[in-house]
Every structure is written in structure tokens, then in C-alpha cells.
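Read through the structure below, which is laid out as C-alpha cells, and then see the notes.
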Amino acid sequence: MDWYRGRPHHIQYKWHEGFVAWLLHRITGLLLILYLFLHEWVIATLQNPTSFTKAMATLENPLFKLLEIGLWLVASYHAINGLRVVLVNFAGAAERDNYQGNVWIFWVIFAIVFVAGAIPMLLHL
Amino acid sequence: MALNVGDKVIFKVFRYDPDKDKAPYYKDYEVTITRKGMMVLDGLNQIKWEQDPSLSYRRSCREGVCGSDGLNINGMNTVSCMSHIEDYNSDVLVIKPLPGFPIVKDLVCDFDDFFNKYYAVKPYLIEKTPPPARERLQSVEDRAKLDGLYECILCGCCSSACPSYWADPDYLGPSALINAARFVFDTRDEGSDERLDLVNNIHAVWRCHTILNCIHACPKELNPTKAIGMLQKEILKRKF
């Protein structure tokens, strides 16, 4: 009966632009850490010319090229949203009248940067 | 949605009495609009006075000054005395206590931790020089710098909306930090160095992840995120 006493009863809040931007920032951050470990692991296996050629042959597969675009998606979002956070803290990008609109501006910038980088990658699939 | 006199709105109210209930539950009440421009607090009063006296909630001044009645209404934190029922454009209002705070009963939360964090930032004038013969004067321009900082009513809406505040039990939270900023940027105050030392750690200004929920929540239309940014900038400015 007493299990609930003193505990926070709910931790929910209405979703809005700033919260979604932060959530994506967290997720992309975790994915980047995961990628970093995978990356180190692959590099650690390249001990001689044979293993190098073998690994490179696998990585030439179009699936990995697509995953590379995914990496670009994650990295460009994390980088550009990181710049937004710096501007919020140090350049007043979170005034009351525009704090949600600013997130949209950054999402548009992110979309442009991502697409501009992804097109050449897709062409060389 | 315009509400007319005689219309009914359902209040879905969070109920929990730790002495009686095993777990919290929601109870529906029908609130009748008795006049134009009814606030959510008026609806709660109607329930308490006419339907169910066992409902508990805090209230005092009913005009957005005392900060007693911070609640989570349809997912958003606000003080119920400053929110019109019809502004929610909904037949059903889900009324919960502030998120992330421990519950005392029904809509009443435990504010001990919140106020301890407020006192931790020394929210009072610190003087080092002897006081002048008359009062400590301040220019109109310097006084204007405090606009948007001093109006905080300590309703808890911002801290309670903050995911960093939920996740880190030691985080001072947006409310304590905007009150720290209110004194740091006051030209009459002489304790800003010690106050900045207090907030210059991972459980204070550097815990803010700019999720912006505090701006979204503040019923007095203040900007705690901006105040935290000002403190961060001030800390860096004094260091370098």
C-alpha cells in the first residue's frame, strides 16, 4: 500500500519542438558512440593485407554504402543541433517569441545540409 | 471553442490518497460553466464546494501571484487560476499534479526539495559594503535588466516540466537558477561571485540540456532557459 508514497507519480510532459530536438540529439549521440565502437573494432581486425582486402570487399557492398548515408544523417543532425544548443546558451536563440520557430529553422538547415551531402553519396552507391 | 453558460466540461482529476488507495486513479467530474471566462481553478472550486469535498489541491490568491496552484492540465504545466477553461478547446480536461514531484494527496505535491534548492542559491541581497545613509539606489537602466527575472512566483511549473530535473535529483532546476540570475544581475548585490560559484557545477547551470520545456511551462511568461544561458555566459566571462 505504501509503495507509492513519496514517489514522483508521473514524468510526462507535452511534446514540443525543443523536446523532440533534444530527444533526437540523445538518440543520435548514442548511435554515434555505437558507431565509434564498431569502427574501432573493424580497424582492429585489419592486421594484414589479406584481412584488409577482405574487409574492404565487404564494405564495398551497397548495403554498407546505404549505412554510410545513415551515418551521415546521424552525424549531421548531431552536429547541427549541437550548434543550435550553443546558440541557445550563448547567443539568445531561445527568446520566448521564437524558441519553437528556431528549432524549425535548424531542422530546415539540417535537411539542406543532409540532402546536399547525401546526393553525391547516393550517386556513388 | 466558445463555452456558453450552462455548458458542461468533464474534469478528469488525478486522485490518490496514500492512506487509503493502493494506486492513483482518475475520477471524472462534470463542471458546469456558470459564467463567461471561468478559470480551471473555478472549476476545481465548484467540484470541491458542490460535489466532492474530499478533493485536495492548493490555492490561495486565485490571481497568479501566490504560485500555489501549479498543475499539469492536458499535459501542460500552468497555474490553474490563470488558465481559462475554454482556451483548452476541449470537452475533457485531464488534471494531474506537477510531474516529477512526490505526491502528498491528490493534486498536492511535496515542494520541500524544490524550496531547498531555491534557498541553496541564496535568493536574497548579499551586502559587503556598509549601507548608505538612505536606500541603495539603482539606475532605471540597471533596474530594467531585472525584467523577466524577478517576476518568478515559485509555482514549480518550470522545474517540474524539466526532464533534467526528473533525471538528476541534485539538479537545482530552472526555477532556482532564474532566481540566482535575478540576484547575479542585480547591480546592488555584492554576492554574485559566491552565487556563481554555487551554480558553476554539473548539478546546476551545466545540467541544462536546452530542452525548452521550462519556457513552454512558465505561466508568468519568463524564460528560465535564457536566464541559465546568461549565468553560463557570466561564469565564462569572469573566468577568461
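Residues are referred to by chain and number: the chain letter is A, B, ... according to the order shown in the C-alpha cells, the number counts from 1 in that chain, and ligands are numbered separately from 1 in the order shown.
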
TODO: Could the residues of chain A within 12 Å of chain B, counting only C-alpha atoms, be given as number ranges by chain, please?
DONE: A: 1-26, 81-100, 102-103

Open item on the list: Among segment 76-145 of chain B, which ones does DSSP assign to alpha helix (DSSP H) (computed from the backbone)? Answer as a PyMOL selection string.
Closed with: chain B and resi 112-120+140-144

Task: All residues 8 Å or closer to segment 30-44 of chain A, only C-alpha atoms, same chain fewer than 3 positions away omitted, as JSON, numbers by chain - done: {"A": [26, 27, 47, 55, 71, 74, 75]}

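Residue nearest Ile80 of chain A, chosen from A:Leu122, A:Phe110, A:Phe52, A:Ile105 and counting only C-alpha atoms: A:Phe110.
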
Near segment 128-143 of chain B, within 10 Å and counting only C-alpha atoms, which residues show up once chain neighbours fewer than 2 positions away are dropped, as a compact mmCIF listing (two decimals) with N, CA and C atoms, in the first residue's frame?
# COMPACT_ATOMS: atom_id res chain seq x y z
N LEU B 125 19.50 39.63 -0.99
CA LEU B 125 20.57 40.59 -1.24
C LEU B 125 21.74 40.33 -0.30
N ILE B 126 22.94 40.15 -0.87
CA ILE B 126 24.13 39.97 -0.05
C ILE B 126 24.90 41.29 -0.09
N LYS B 145 17.31 45.64 -16.32
CA LYS B 145 17.97 44.36 -16.58
C LYS B 145 17.31 43.21 -15.82
N LEU B 146 16.58 43.56 -14.77
CA LEU B 146 15.96 42.50 -13.95
C LEU B 146 14.58 42.11 -14.47
N ASP B 147 14.09 42.83 -15.47
CA ASP B 147 12.79 42.44 -16.05
C ASP B 147 12.89 41.04 -16.64
N PHE B 185 22.50 39.46 -11.55
CA PHE B 185 22.47 40.61 -12.46
C PHE B 185 21.89 41.86 -11.81
N ASP B 186 21.75 41.82 -10.48
CA ASP B 186 21.28 43.00 -9.75
C ASP B 186 22.51 43.81 -9.33
N THR B 187 22.57 45.08 -9.78
CA THR B 187 23.77 45.88 -9.52
C THR B 187 23.94 46.17 -8.02
N ARG B 188 22.88 46.06 -7.22
CA ARG B 188 23.00 46.37 -5.79
C ARG B 188 23.59 45.20 -5.02
N ASP B 189 23.56 44.01 -5.63
CA ASP B 189 24.00 42.82 -4.93
C ASP B 189 25.52 42.67 -5.00
N GLU B 190 26.14 42.25 -3.90
CA GLU B 190 27.60 42.10 -3.89
C GLU B 190 28.04 40.66 -3.66
N GLY B 191 27.11 39.74 -3.77
CA GLY B 191 27.46 38.34 -3.53
C GLY B 191 27.47 37.49 -4.78

Neighbour list for Leu55 of chain B as a PDB file with all heavy atoms, in the first residue's frame, cut-off 10 Å, only C-alpha atoms, skip fewer than 4 positions in-chain:
ATOM      1  N   VAL B  13      -9.830  14.143 -13.024  1.00  0.00           N
ATOM      2  CA  VAL B  13      -8.904  14.597 -11.985  1.00  0.00           C
ATOM      3  C   VAL B  13      -8.143  13.420 -11.384  1.00  0.00           C
ATOM      4  O   VAL B  13      -8.718  12.393 -11.050  1.00  0.00           O
ATOM      5  CB  VAL B  13      -9.661  15.359 -10.874  1.00  0.00           C
ATOM      6  CG1 VAL B  13      -8.673  15.883  -9.842  1.00  0.00           C
ATOM      7  CG2 VAL B  13     -10.459  16.502 -11.459  1.00  0.00           C
ATOM      8  N   PHE B  14      -6.847  13.608 -11.259  1.00  0.00           N
ATOM      9  CA  PHE B  14      -5.954  12.626 -10.625  1.00  0.00           C
ATOM     10  C   PHE B  14      -6.281  12.546  -9.136  1.00  0.00           C
ATOM     11  O   PHE B  14      -6.280  13.564  -8.453  1.00  0.00           O
ATOM     12  CB  PHE B  14      -4.519  13.101 -10.838  1.00  0.00           C
ATOM     13  CG  PHE B  14      -3.450  12.222 -10.250  1.00  0.00           C
ATOM     14  CD1 PHE B  14      -2.754  11.335 -11.048  1.00  0.00           C
ATOM     15  CD2 PHE B  14      -3.116  12.320  -8.905  1.00  0.00           C
ATOM     16  CE1 PHE B  14      -1.742  10.549 -10.514  1.00  0.00           C
ATOM     17  CE2 PHE B  14      -2.102  11.530  -8.381  1.00  0.00           C
ATOM     18  CZ  PHE B  14      -1.422  10.645  -9.174  1.00  0.00           C
ATOM     19  N   ARG B  15      -6.611  11.336  -8.663  1.00  0.00           N
ATOM     20  CA  ARG B  15      -6.894  11.173  -7.233  1.00  0.00           C
ATOM     21  C   ARG B  15      -5.931  10.162  -6.650  1.00  0.00           C
ATOM     22  O   ARG B  15      -5.667   9.118  -7.230  1.00  0.00           O
ATOM     23  CB  ARG B  15      -8.335  10.662  -7.024  1.00  0.00           C
ATOM     24  CG  ARG B  15      -9.436  11.565  -7.530  1.00  0.00           C
ATOM     25  CD  ARG B  15      -9.482  12.909  -6.845  1.00  0.00           C
ATOM     26  NE  ARG B  15      -9.493  12.832  -5.385  1.00  0.00           N
ATOM     27  CZ  ARG B  15     -10.584  12.826  -4.637  1.00  0.00           C
ATOM     28  NH1 ARG B  15     -11.770  12.869  -5.201  1.00  0.00           N
ATOM     29  NH2 ARG B  15     -10.497  12.763  -3.322  1.00  0.00           N
ATOM     30  N   TYR B  16      -5.401  10.462  -5.496  1.00  0.00           N
ATOM     31  CA  TYR B  16      -4.568   9.483  -4.796  1.00  0.00           C
ATOM     32  C   TYR B  16      -4.432   9.881  -3.339  1.00  0.00           C
ATOM     33  O   TYR B  16      -3.918  10.952  -3.025  1.00  0.00           O
ATOM     34  CB  TYR B  16      -3.178   9.399  -5.446  1.00  0.00           C
ATOM     35  CG  TYR B  16      -2.274   8.435  -4.721  1.00  0.00           C
ATOM     36  CD1 TYR B  16      -2.653   7.102  -4.560  1.00  0.00           C
ATOM     37  CD2 TYR B  16      -1.072   8.848  -4.165  1.00  0.00           C
ATOM     38  CE1 TYR B  16      -1.847   6.227  -3.874  1.00  0.00           C
ATOM     39  CE2 TYR B  16      -0.266   7.966  -3.481  1.00  0.00           C
ATOM     40  CZ  TYR B  16      -0.661   6.649  -3.326  1.00  0.00           C
ATOM     41  OH  TYR B  16       0.122   5.784  -2.640  1.00  0.00           O
ATOM     42  N   ASP B  17      -4.902   9.030  -2.470  1.00  0.00           N
ATOM     43  CA  ASP B  17      -4.745   9.243  -1.035  1.00  0.00           C
ATOM     44  C   ASP B  17      -3.854   8.119  -0.512  1.00  0.00           C
ATOM     45  O   ASP B  17      -4.286   6.975  -0.438  1.00  0.00           O
ATOM     46  CB  ASP B  17      -6.114   9.222  -0.352  1.00  0.00           C
ATOM     47  CG  ASP B  17      -5.985   9.454   1.149  1.00  0.00           C
ATOM     48  OD1 ASP B  17      -4.845   9.462   1.651  1.00  0.00           O
ATOM     49  OD2 ASP B  17      -7.016   9.631   1.807  1.00  0.00           O
ATOM     50  N   LEU B  44     -12.357  23.653 -10.308  1.00  0.00           N
ATOM     51  CA  LEU B  44     -11.946  22.814  -9.179  1.00  0.00           C
ATOM     52  C   LEU B  44     -12.699  23.225  -7.907  1.00  0.00           C
ATOM     53  O   LEU B  44     -13.133  22.372  -7.125  1.00  0.00           O
ATOM     54  CB  LEU B  44     -10.432  22.933  -8.957  1.00  0.00           C
ATOM     55  CG  LEU B  44      -9.535  22.231  -9.978  1.00  0.00           C
ATOM     56  CD1 LEU B  44      -8.074  22.571  -9.738  1.00  0.00           C
ATOM     57  CD2 LEU B  44      -9.727  20.721  -9.926  1.00  0.00           C
ATOM     58  N   ASN B  45     -12.857  24.542  -7.709  1.00  0.00           N
ATOM     59  CA  ASN B  45     -13.614  25.013  -6.544  1.00  0.00           C
ATOM     60  C   ASN B  45     -15.043  24.498  -6.587  1.00  0.00           C
ATOM     61  O   ASN B  45     -15.597  24.077  -5.568  1.00  0.00           O
ATOM     62  CB  ASN B  45     -13.629  26.546  -6.506  1.00  0.00           C
ATOM     63  CG  ASN B  45     -12.299  27.114  -6.050  1.00  0.00           C
ATOM     64  OD1 ASN B  45     -11.509  26.421  -5.417  1.00  0.00           O
ATOM     65  ND2 ASN B  45     -12.045  28.363  -6.386  1.00  0.00           N
ATOM     66  N   ILE B  47     -16.098  21.763  -7.947  1.00  0.00           N
ATOM     67  CA  ILE B  47     -16.081  20.350  -7.569  1.00  0.00           C
ATOM     68  C   ILE B  47     -15.965  20.220  -6.051  1.00  0.00           C
ATOM     69  O   ILE B  47     -16.715  19.497  -5.403  1.00  0.00           O
ATOM     70  CB  ILE B  47     -14.909  19.619  -8.254  1.00  0.00           C
ATOM     71  CG1 ILE B  47     -15.105  19.605  -9.772  1.00  0.00           C
ATOM     72  CG2 ILE B  47     -14.762  18.201  -7.723  1.00  0.00           C
ATOM     73  CD1 ILE B  47     -13.897  19.127 -10.550  1.00  0.00           C
ATOM     74  N   LYS B  48     -15.020  20.950  -5.480  1.00  0.00           N
ATOM     75  CA  LYS B  48     -14.751  20.834  -4.039  1.00  0.00           C
ATOM     76  C   LYS B  48     -15.947  21.304  -3.213  1.00  0.00           C
ATOM     77  O   LYS B  48     -16.294  20.698  -2.214  1.00  0.00           O
ATOM     78  CB  LYS B  48     -13.511  21.674  -3.715  1.00  0.00           C
ATOM     79  CG  LYS B  48     -13.210  21.775  -2.233  1.00  0.00           C
ATOM     80  CD  LYS B  48     -11.888  21.143  -1.894  1.00  0.00           C
ATOM     81  CE  LYS B  48     -11.619  21.213  -0.409  1.00  0.00           C
ATOM     82  NZ  LYS B  48     -10.845  20.049   0.054  1.00  0.00           N
ATOM     83  N   TRP B  49     -16.566  22.400  -3.632  1.00  0.00           N
ATOM     84  CA  TRP B  49     -17.615  23.007  -2.807  1.00  0.00           C
ATOM     85  C   TRP B  49     -18.977  22.357  -3.018  1.00  0.00           C
ATOM     86  O   TRP B  49     -19.812  22.347  -2.121  1.00  0.00           O
ATOM     87  CB  TRP B  49     -17.719  24.521  -3.101  1.00  0.00           C
ATOM     88  CG  TRP B  49     -16.485  25.278  -2.706  1.00  0.00           C
ATOM     89  CD1 TRP B  49     -15.542  24.869  -1.806  1.00  0.00           C
ATOM     90  CD2 TRP B  49     -16.035  26.542  -3.188  1.00  0.00           C
ATOM     91  NE1 TRP B  49     -14.541  25.802  -1.708  1.00  0.00           N
ATOM     92  CE2 TRP B  49     -14.816  26.848  -2.540  1.00  0.00           C
ATOM     93  CE3 TRP B  49     -16.553  27.469  -4.109  1.00  0.00           C
ATOM     94  CZ2 TRP B  49     -14.102  28.026  -2.783  1.00  0.00           C
ATOM     95  CZ3 TRP B  49     -15.850  28.634  -4.349  1.00  0.00           C
ATOM     96  CH2 TRP B  49     -14.631  28.903  -3.694  1.00  0.00           C
ATOM     97  N   GLN B  51     -19.513  19.188  -5.128  1.00  0.00           N
ATOM     98  CA  GLN B  51     -19.634  17.776  -5.466  1.00  0.00           C
ATOM     99  C   GLN B  51     -18.850  16.850  -4.544  1.00  0.00           C
ATOM    100  O   GLN B  51     -19.381  15.840  -4.089  1.00  0.00           O
ATOM    101  CB  GLN B  51     -19.159  17.537  -6.909  1.00  0.00           C
ATOM    102  CG  GLN B  51     -19.956  18.308  -7.932  1.00  0.00           C
ATOM    103  CD  GLN B  51     -19.443  18.015  -9.342  1.00  0.00           C
ATOM    104  OE1 GLN B  51     -19.003  16.915  -9.635  1.00  0.00           O
ATOM    105  NE2 GLN B  51     -19.491  19.023 -10.201  1.00  0.00           N
ATOM    106  N   LYS B 105      -1.171  14.332  -1.488  1.00  0.00           N
ATOM    107  CA  LYS B 105      -2.514  13.783  -1.703  1.00  0.00           C
ATOM    108  C   LYS B 105      -3.119  14.463  -2.927  1.00  0.00           C
ATOM    109  O   LYS B 105      -2.941  15.672  -3.100  1.00  0.00           O
ATOM    110  CB  LYS B 105      -3.398  14.039  -0.470  1.00  0.00           C
ATOM    111  CG  LYS B 105      -4.800  13.464  -0.587  1.00  0.00           C
ATOM    112  CD  LYS B 105      -5.599  13.709   0.683  1.00  0.00           C
ATOM    113  CE  LYS B 105      -6.991  13.126   0.593  1.00  0.00           C
ATOM    114  NZ  LYS B 105      -7.919  13.947  -0.195  1.00  0.00           N
ATOM    115  N   ASP B 106      -3.819  13.680  -3.725  1.00  0.00           N
ATOM    116  CA  ASP B 106      -4.473  14.185  -4.932  1.00  0.00           C
ATOM    117  C   ASP B 106      -3.565  15.118  -5.745  1.00  0.00           C
ATOM    118  O   ASP B 106      -2.565  14.685  -6.280  1.00  0.00           O
ATOM    119  CB  ASP B 106      -5.787  14.899  -4.578  1.00  0.00           C
ATOM    120  CG  ASP B 106      -6.800  13.948  -3.973  1.00  0.00           C
ATOM    121  OD1 ASP B 106      -6.646  12.732  -4.166  1.00  0.00           O
ATOM    122  OD2 ASP B 106      -7.725  14.418  -3.286  1.00  0.00           O
ATOM    123  N   LEU B 107      -3.926  16.412  -5.793  1.00  0.00           N
ATOM    124  CA  LEU B 107      -3.162  17.348  -6.614  1.00  0.00           C
ATOM    125  C   LEU B 107      -2.104  18.096  -5.810  1.00  0.00           C
ATOM    126  O   LEU B 107      -1.462  19.012  -6.323  1.00  0.00           O
ATOM    127  CB  LEU B 107      -4.121  18.348  -7.276  1.00  0.00           C
ATOM    128  CG  LEU B 107      -5.216  17.705  -8.148  1.00  0.00           C
ATOM    129  CD1 LEU B 107      -6.184  18.759  -8.650  1.00  0.00           C
ATOM    130  CD2 LEU B 107      -4.604  16.971  -9.329  1.00  0.00           C
ATOM    131  N   VAL B 108      -1.917  17.718  -4.563  1.00  0.00           N
ATOM    132  CA  VAL B 108      -0.959  18.417  -3.702  1.00  0.00           C
ATOM    133  C   VAL B 108       0.386  17.707  -3.748  1.00  0.00           C
ATOM    134  O   VAL B 108       0.472  16.518  -3.461  1.00  0.00           O
ATOM    135  CB  VAL B 108      -1.480  18.490  -2.252  1.00  0.00           C
ATOM    136  CG1 VAL B 108      -0.460  19.169  -1.359  1.00  0.00           C
ATOM    137  CG2 VAL B 108      -2.810  19.218  -2.207  1.00  0.00           C
TER     138      VAL B 108
END
